[in-house]
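A.B. asks: This is upload_29.pdb, which holds PDB, C-alpha atoms:
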ATOM      1  CA  MET V   1     129.167  88.134 168.570
ATOM      2  CA  GLU V   2     130.316  88.188 164.973
ATOM      3  CA  LYS V   3     128.520  86.485 162.115
ATOM      4  CA  ARG V   4     129.209  82.783 161.934
ATOM      5  CA  LEU V   5     129.824  81.378 158.490
ATOM      6  CA  LYS V   6     128.162  78.244 157.230
ATOM      7  CA  LYS V   7     130.321  75.460 155.803
ATOM      8  CA  GLY V   8     129.187  76.242 152.235
ATOM      9  CA  GLU V   9     130.013  79.926 152.662
ATOM     10  CA  ALA V  10     133.471  79.054 153.950
ATOM     11  CA  LEU V  11     134.132  76.761 150.987
ATOM     12  CA  GLU V  12     132.998  79.498 148.609
ATOM     13  CA  ILE V  13     135.342  82.033 150.250
ATOM     14  CA  LEU V  14     138.196  79.512 150.107
ATOM     15  CA  GLU V  15     137.613  78.817 146.402
ATOM     16  CA  LYS V  16     137.181  82.503 145.497
ATOM     17  CA  SER V  17     140.449  83.339 147.283
ATOM     18  CA  GLY V  18     142.362  81.392 144.645
ATOM     19  CA  CYS V  19     143.607  78.494 146.771
ATOM     20  CA  SER V  20     144.858  75.518 144.801
ATOM     21  CA  LYS V  21     142.929  72.253 144.712
ATOM     22  CA  GLN V  22     145.601  70.690 146.966
ATOM     23  CA  VAL V  23     145.222  73.429 149.594
ATOM     24  CA  ILE V  24     141.431  73.102 149.495
ATOM     25  CA  GLU V  25     141.645  69.322 149.953
ATOM     26  CA  HIS V  26     144.050  69.842 152.863
ATOM     27  CA  CYS V  27     141.652  72.361 154.436
ATOM     28  CA  LYS V  28     138.753  69.929 154.062
ATOM     29  CA  ALA V  29     140.771  67.175 155.753
ATOM     30  CA  VAL V  30     141.800  69.471 158.630
ATOM     31  CA  SER V  31     138.199  70.634 159.002
ATOM     32  CA  LYS V  32     136.911  67.060 159.190
ATOM     33  CA  ARG V  33     139.590  65.990 161.674
ATOM     34  CA  ALA V  34     139.094  69.101 163.822
ATOM     35  CA  ALA V  35     135.318  68.595 163.897
ATOM     36  CA  GLU V  36     135.781  64.963 164.997
ATOM     37  CA  ILE V  37     138.080  66.039 167.831
ATOM     38  CA  ALA V  38     135.698  68.846 168.838
ATOM     39  CA  GLU V  39     132.783  66.408 169.043
ATOM     40  CA  LYS V  40     134.818  64.127 171.340
ATOM     41  CA  ILE V  41     135.699  67.071 173.554
ATOM     42  CA  LYS V  42     132.070  68.214 173.677
ATOM     43  CA  ALA V  43     130.908  64.665 174.482
ATOM     44  CA  ARG V  44     133.233  64.725 177.501
ATOM     45  CA  GLY V  45     131.362  67.777 178.815
ATOM     46  CA  HIS V  46     133.718  70.558 177.756
ATOM     47  CA  GLU V  47     132.413  73.747 176.201
ATOM     48  CA  ILE V  48     133.382  73.919 172.536
ATOM     49  CA  ASP V  49     131.646  74.920 169.300
ATOM     50  CA  PRO V  50     132.141  72.040 166.813
ATOM     51  CA  GLY V  51     130.355  73.973 164.043
ATOM     52  CA  PHE V  52     132.764  76.878 164.336
ATOM     53  CA  VAL V  53     135.701  74.445 164.495
ATOM     54  CA  GLU V  54     134.567  72.755 161.283
ATOM     55  CA  THR V  55     134.088  76.026 159.394
ATOM     56  CA  ALA V  56     137.215  77.727 160.743
ATOM     57  CA  GLY V  57     139.166  74.554 159.939
ATOM     58  CA  LEU V  58     138.163  75.001 156.308
ATOM     59  CA  LEU V  59     139.545  78.537 156.312
ATOM     60  CA  HIS V  60     142.729  78.073 158.373
ATOM     61  CA  ASP V  61     145.052  78.012 155.319
ATOM     62  CA  ILE V  62     143.248  80.561 153.117
ATOM     63  CA  GLY V  63     146.427  82.679 153.250
ATOM     64  CA  ARG V  64     148.101  80.049 151.075
ATOM     65  CA  SER V  65     146.251  81.694 148.188
ATOM     66  CA  ARG V  66     148.892  84.452 148.540
ATOM     67  CA  THR V  67     151.974  82.699 149.958
ATOM     68  CA  HIS V  68     153.138  79.314 151.181
ATOM     69  CA  ASP V  69     155.670  80.640 153.674
ATOM     70  CA  ILE V  70     155.219  81.381 157.377
ATOM     71  CA  GLN V  71     153.377  84.596 156.430
ATOM     72  CA  HIS V  72     150.360  82.592 155.227
ATOM     73  CA  GLY V  73     148.752  82.875 158.667
ATOM     74  CA  ILE V  74     149.008  86.679 158.591
ATOM     75  CA  GLU V  75     147.787  86.811 154.991
ATOM     76  CA  GLY V  76     144.816  84.607 155.894
ATOM     77  CA  ALA V  77     143.914  86.967 158.723
ATOM     78  CA  LYS V  78     143.982  89.881 156.271
ATOM     79  CA  ILE V  79     141.678  88.045 153.861
ATOM     80  CA  LEU V  80     139.267  87.266 156.700
ATOM     81  CA  SER V  81     139.497  90.668 158.392
ATOM     82  CA  ASP V  82     135.683  91.006 158.274
ATOM     83  CA  TYR V  83     135.499  87.827 160.402
ATOM     84  CA  PRO V  84     137.858  88.373 163.374
ATOM     85  CA  GLU V  85     137.311  84.950 165.021
ATOM     86  CA  TYR V  86     138.223  83.178 161.779
ATOM     87  CA  ALA V  87     141.126  85.575 161.173
ATOM     88  CA  ARG V  88     142.566  84.693 164.604
ATOM     89  CA  VAL V  89     142.470  80.993 163.690
ATOM     90  CA  CYS V  90     144.583  81.763 160.613
ATOM     91  CA  GLU V  91     147.130  83.680 162.693
ATOM     92  CA  ARG V  92     147.334  81.092 165.478
ATOM     93  CA  HIS V  93     147.196  77.690 163.766
ATOM     94  CA  ILE V  94     150.845  77.268 162.784
ATOM     95  CA  GLY V  95     152.472  74.398 164.693
ATOM     96  CA  GLY V  96     151.663  74.941 168.348
ATOM     97  CA  GLY V  97     151.556  78.684 167.796
ATOM     98  CA  ILE V  98     154.322  81.278 167.573
ATOM     99  CA  ASP V  99     155.337  83.503 170.479
ATOM    100  CA  GLU V 100     156.331  87.143 170.020
ATOM    101  CA  LYS V 101     160.072  86.489 170.244
ATOM    102  CA  GLU V 102     159.890  83.858 167.514
ATOM    103  CA  ALA V 103     157.523  86.032 165.452
ATOM    104  CA  ARG V 104     160.107  88.831 165.425
ATOM    105  CA  ARG V 105     162.845  86.375 164.441
ATOM    106  CA  LEU V 106     160.666  85.069 161.590
ATOM    107  CA  GLY V 107     159.896  88.575 160.318
ATOM    108  CA  LEU V 108     156.241  88.499 161.346
ATOM    109  CA  PRO V 109     154.532  91.540 162.833
ATOM    110  CA  PRO V 110     155.491  91.523 166.529
ATOM    111  CA  ALA V 111     152.723  89.743 168.443
ATOM    112  CA  ASP V 112     151.935  86.462 170.123
ATOM    113  CA  TYR V 113     150.347  84.045 167.654
ATOM    114  CA  LEU V 114     149.585  81.347 170.214
ATOM    115  CA  PRO V 115     146.230  79.557 170.083
ATOM    116  CA  GLU V 116     144.144  80.697 173.052
ATOM    117  CA  THR V 117     140.619  79.314 172.699
ATOM    118  CA  ILE V 118     139.918  75.602 172.733
ATOM    119  CA  GLU V 119     138.632  75.945 169.166
ATOM    120  CA  GLU V 120     141.920  77.518 168.017
ATOM    121  CA  LYS V 121     143.879  74.785 169.781
ATOM    122  CA  VAL V 122     141.836  71.987 168.214
ATOM    123  CA  ILE V 123     142.346  73.399 164.702
ATOM    124  CA  ALA V 124     146.100  73.841 165.230
ATOM    125  CA  HIS V 125     146.357  70.276 166.542
ATOM    126  CA  ALA V 126     144.246  68.870 163.706
ATOM    127  CA  ASP V 127     146.476  70.671 161.199
ATOM    128  CA  ASN V 128     149.464  68.979 162.854
ATOM    129  CA  THR V 129     147.838  65.590 162.183
ATOM    130  CA  ILE V 130     147.150  66.100 158.481
ATOM    131  CA  GLU V 131     149.843  65.731 155.814
ATOM    132  CA  GLY V 132     148.421  66.876 152.492
ATOM    133  CA  ALA V 133     144.900  65.489 152.807
ATOM    134  CA  GLU V 134     145.822  62.359 154.798
ATOM    135  CA  VAL V 135     145.716  61.771 158.533
ATOM    136  CA  THR V 136     149.163  61.268 160.040
ATOM    137  CA  ALA V 137     150.265  60.396 163.561
ATOM    138  CA  ILE V 138     151.083  63.370 165.759
ATOM    139  CA  GLU V 139     154.248  61.495 166.720
ATOM    140  CA  ASP V 140     155.443  61.810 163.112
ATOM    141  CA  THR V 141     154.872  65.564 163.206
ATOM    142  CA  ILE V 142     156.739  65.820 166.498
ATOM    143  CA  LYS V 143     159.660  63.824 165.043
ATOM    144  CA  ALA V 144     159.749  66.186 162.058
ATOM    145  CA  TYR V 145     159.866  69.202 164.403
ATOM    146  CA  GLU V 146     162.641  67.564 166.428
ATOM    147  CA  LYS V 147     164.636  66.916 163.257
ATOM    148  CA  LYS V 148     164.125  70.454 161.944
ATOM    149  CA  PHE V 149     164.439  72.462 165.176
ATOM    150  CA  GLY V 150     165.703  70.111 167.887
ATOM    151  CA  ARG V 151     163.914  68.496 170.812
ATOM    152  CA  SER V 152     164.342  71.458 173.167
ATOM    153  CA  HIS V 153     163.282  74.182 170.703
ATOM    154  CA  PRO V 154     160.214  76.158 171.857
ATOM    155  CA  ALA V 155     158.319  75.349 168.628
ATOM    156  CA  THR V 156     158.785  71.617 169.208
ATOM    157  CA  LYS V 157     157.777  71.941 172.850
ATOM    158  CA  ARG V 158     154.604  73.848 171.914
ATOM    159  CA  VAL V 159     153.518  71.126 169.457
ATOM    160  CA  VAL V 160     154.075  68.475 172.132
ATOM    161  CA  GLU V 161     152.225  70.480 174.818
ATOM    162  CA  LEU V 162     149.321  71.191 172.470
ATOM    163  CA  SER V 163     149.070  67.514 171.579
ATOM    164  CA  GLU V 164     149.042  66.529 175.246
ATOM    165  CA  GLU V 165     146.360  69.113 176.070
ATOM    166  CA  ILE V 166     144.071  67.976 173.256
ATOM    167  CA  LYS V 167     144.621  64.330 174.180
ATOM    168  CA  LYS V 168     143.569  65.024 177.779
ATOM    169  CA  LEU V 169     140.452  66.868 176.650
ATOM    170  CA  SER V 170     139.384  64.325 174.051
ATOM    171  CA  GLU V 171     141.097  61.128 175.143
ATOM    172  CA  GLU V 172     142.402  61.218 171.578
TER
END
Can the structure from this file be put into structure tokens for me?

C.D. replies:
Amino acid sequence: MEKRLKKGEALEILEKSGCSKQVIEHCKAVSKRAAEIAEKIKARGHEIDPGFVETAGLLHDIGRSRTHDIQHGIEGAKILSDYPEYARVCERHIGGGIDEKEARRLGLPPADYLPETIEEKVIAHADNTIEGAEVTAIEDTIKAYEKKFGRSHPATKRVVELSEEIKKLSEE
């Protein structure tokens, strides 16, 4: 098992990476929201690591220190290459994840970037419920995806499916 970072260590890494104040505040909000969801899931008897969720939530957008485009997940994974579990969160947190076909179309290295662990899913979902540093309704995010991509687009469907899965686990 790899070394787990403490919350303070994660914040220090985030700040040293050069992320803007706005990105750091967003990461803090996602971390808080993700930890709340993880605690609800754990309370319902599911196996989840709320501490990891909180810390990884802080680091999910560290790649925004290098770029604000779709590549920020890949860049974050590069920054956190010494911490593979955290790096995977960076790669897999965008929307409801990105499959290999879409990754190729977007110019990402060919791979599936779909959240697999419950921790990865909770962080991706929490990110979908934070606009800037404020909590927003998942329905608003889904409407934005529908407007941008269409209701039947795979990216929209993945956000909806992820939301439904997290809701079932947490009664969110």

A.B. asks: So, with all atoms listed in the file as the atoms that count, which of V:Glu119, V:Glu2, V:Glu85, V:Asp99 lies closest to Ser31 in chain V?

C.D. replies: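 Answer, going by the shortest atom-to-atom distance: V:Glu119.
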
A.B. asks: Apply the PyMOL selection byres ((chain V and resi 77) around 8) to the file shown and report the selected residues as a short mmCIF file (atom, residue, chain, number, x, y, z; two decimals) with C-alpha atoms, in the frame of the given file.

C.D. replies:
data_model
loop_
_atom_site.label_atom_id
_atom_site.label_comp_id
_atom_site.auth_asym_id
_atom_site.auth_seq_id
_atom_site.Cartn_x
_atom_site.Cartn_y
_atom_site.Cartn_z
CA GLY V 63 146.43 82.68 153.25
CA GLY V 73 148.75 82.88 158.67
CA ILE V 74 149.01 86.68 158.59
CA GLU V 75 147.79 86.81 154.99
CA GLY V 76 144.82 84.61 155.89
CA LYS V 78 143.98 89.88 156.27
CA ILE V 79 141.68 88.04 153.86
CA LEU V 80 139.27 87.27 156.70
CA SER V 81 139.50 90.67 158.39
CA PRO V 84 137.86 88.37 163.37
CA TYR V 86 138.22 83.18 161.78
CA ALA V 87 141.13 85.58 161.17
CA ARG V 88 142.57 84.69 164.60
CA VAL V 89 142.47 80.99 163.69
CA CYS V 90 144.58 81.76 160.61
CA GLU V 91 147.13 83.68 162.69
#

A.B. asks: Do you know which residues are at most 10 Å from Ile166 in chain V counting all atoms listed in the file, after dropping those on the same chain fewer than 2 positions away, and could you put them as a PDB file with C-alpha atoms, keeping the file's coordinate frame?

C.D. replies:
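In the end it all went to part.pdb:
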ATOM      1  CA  ILE V  37     138.080  66.039 167.831  1.00  0.00           C
ATOM      2  CA  ALA V  38     135.698  68.846 168.838  1.00  0.00           C
ATOM      3  CA  ILE V  41     135.699  67.071 173.554  1.00  0.00           C
ATOM      4  CA  ILE V 118     139.918  75.602 172.733  1.00  0.00           C
ATOM      5  CA  LYS V 121     143.879  74.785 169.781  1.00  0.00           C
ATOM      6  CA  VAL V 122     141.836  71.987 168.214  1.00  0.00           C
ATOM      7  CA  HIS V 125     146.357  70.276 166.542  1.00  0.00           C
ATOM      8  CA  ALA V 126     144.246  68.870 163.706  1.00  0.00           C
ATOM      9  CA  GLU V 161     152.225  70.480 174.818  1.00  0.00           C
ATOM     10  CA  LEU V 162     149.321  71.191 172.470  1.00  0.00           C
ATOM     11  CA  SER V 163     149.070  67.514 171.579  1.00  0.00           C
ATOM     12  CA  GLU V 164     149.042  66.529 175.246  1.00  0.00           C
ATOM     13  CA  LYS V 168     143.569  65.024 177.779  1.00  0.00           C
ATOM     14  CA  LEU V 169     140.452  66.868 176.650  1.00  0.00           C
ATOM     15  CA  SER V 170     139.384  64.325 174.051  1.00  0.00           C
ATOM     16  CA  GLU V 171     141.097  61.128 175.143  1.00  0.00           C
ATOM     17  CA  GLU V 172     142.402  61.218 171.578  1.00  0.00           C
TER      18      GLU V 172
END

A.B. asks: With the file shown as input, list the residues that the PyMOL selection byres ((chain V and resi 64) around 12) selects, as number ranges by chain.

C.D. replies: V: 14-15, 17-24, 26-27, 59-63, 65-79, 90

A.B. asks: Nearest to Leu5 in chain V among V:Ala43, V:Ala29, V:Ile48, V:Val53, with distances taken over all atoms listed in the file: which residue is it?

C.D. replies: V:Val53

A.B. asks: Quick check, in Å to one decimal: how far apart do CA of Gly57 in chain V and CA of Ala35 in chain V lie?

C.D. replies: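 CA of Ala35 in chain V lies at a distance of 8.1 Å from CA of Gly57 in chain V.
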
A.B. asks: Running the PyMOL selection byres ((chain V and resi 135) around 12) on this model by hand, what would come out? Give it as number ranges by chain.

C.D. replies: V: 26, 28-34, 125-134, 136-141

A.B. asks: Do you know which residues are at most 9 Å from Pro154 in chain V counting all atoms listed in the file, after dropping those on the same chain fewer than 5 positions away, and could you put them as a count of residues only?

C.D. replies: 5

A.B. asks: What is the distance between CA of Ile142 in chain V and CA of Thr156 in chain V, in Å to one decimal?

C.D. replies: 6.7 Å

A.B. asks: Which distance in Å separates CA of Lys40 in chain V and CA of Arg151 in chain V, to one decimal?

C.D. replies: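 CA of Lys40 in chain V sits 29.4 Å away from CA of Arg151 in chain V.
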
A.B. asks: Choose the residue, out of V:Ala155, V:Ala144, V:Ile13, V:Val160, that has the smallest atom-to-atom separation from Ala103 in chain V; count only C-alpha atoms.

C.D. replies: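 So, comparing all the options, the nearest one is V:Ala155.
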
A.B. asks: Measuring atom to atom with only C-alpha atoms, identify which of V:Pro115, V:Gly150, V:Pro50, V:Gly97 is nearest to Lys7 in chain V.

C.D. replies: V:Pro50
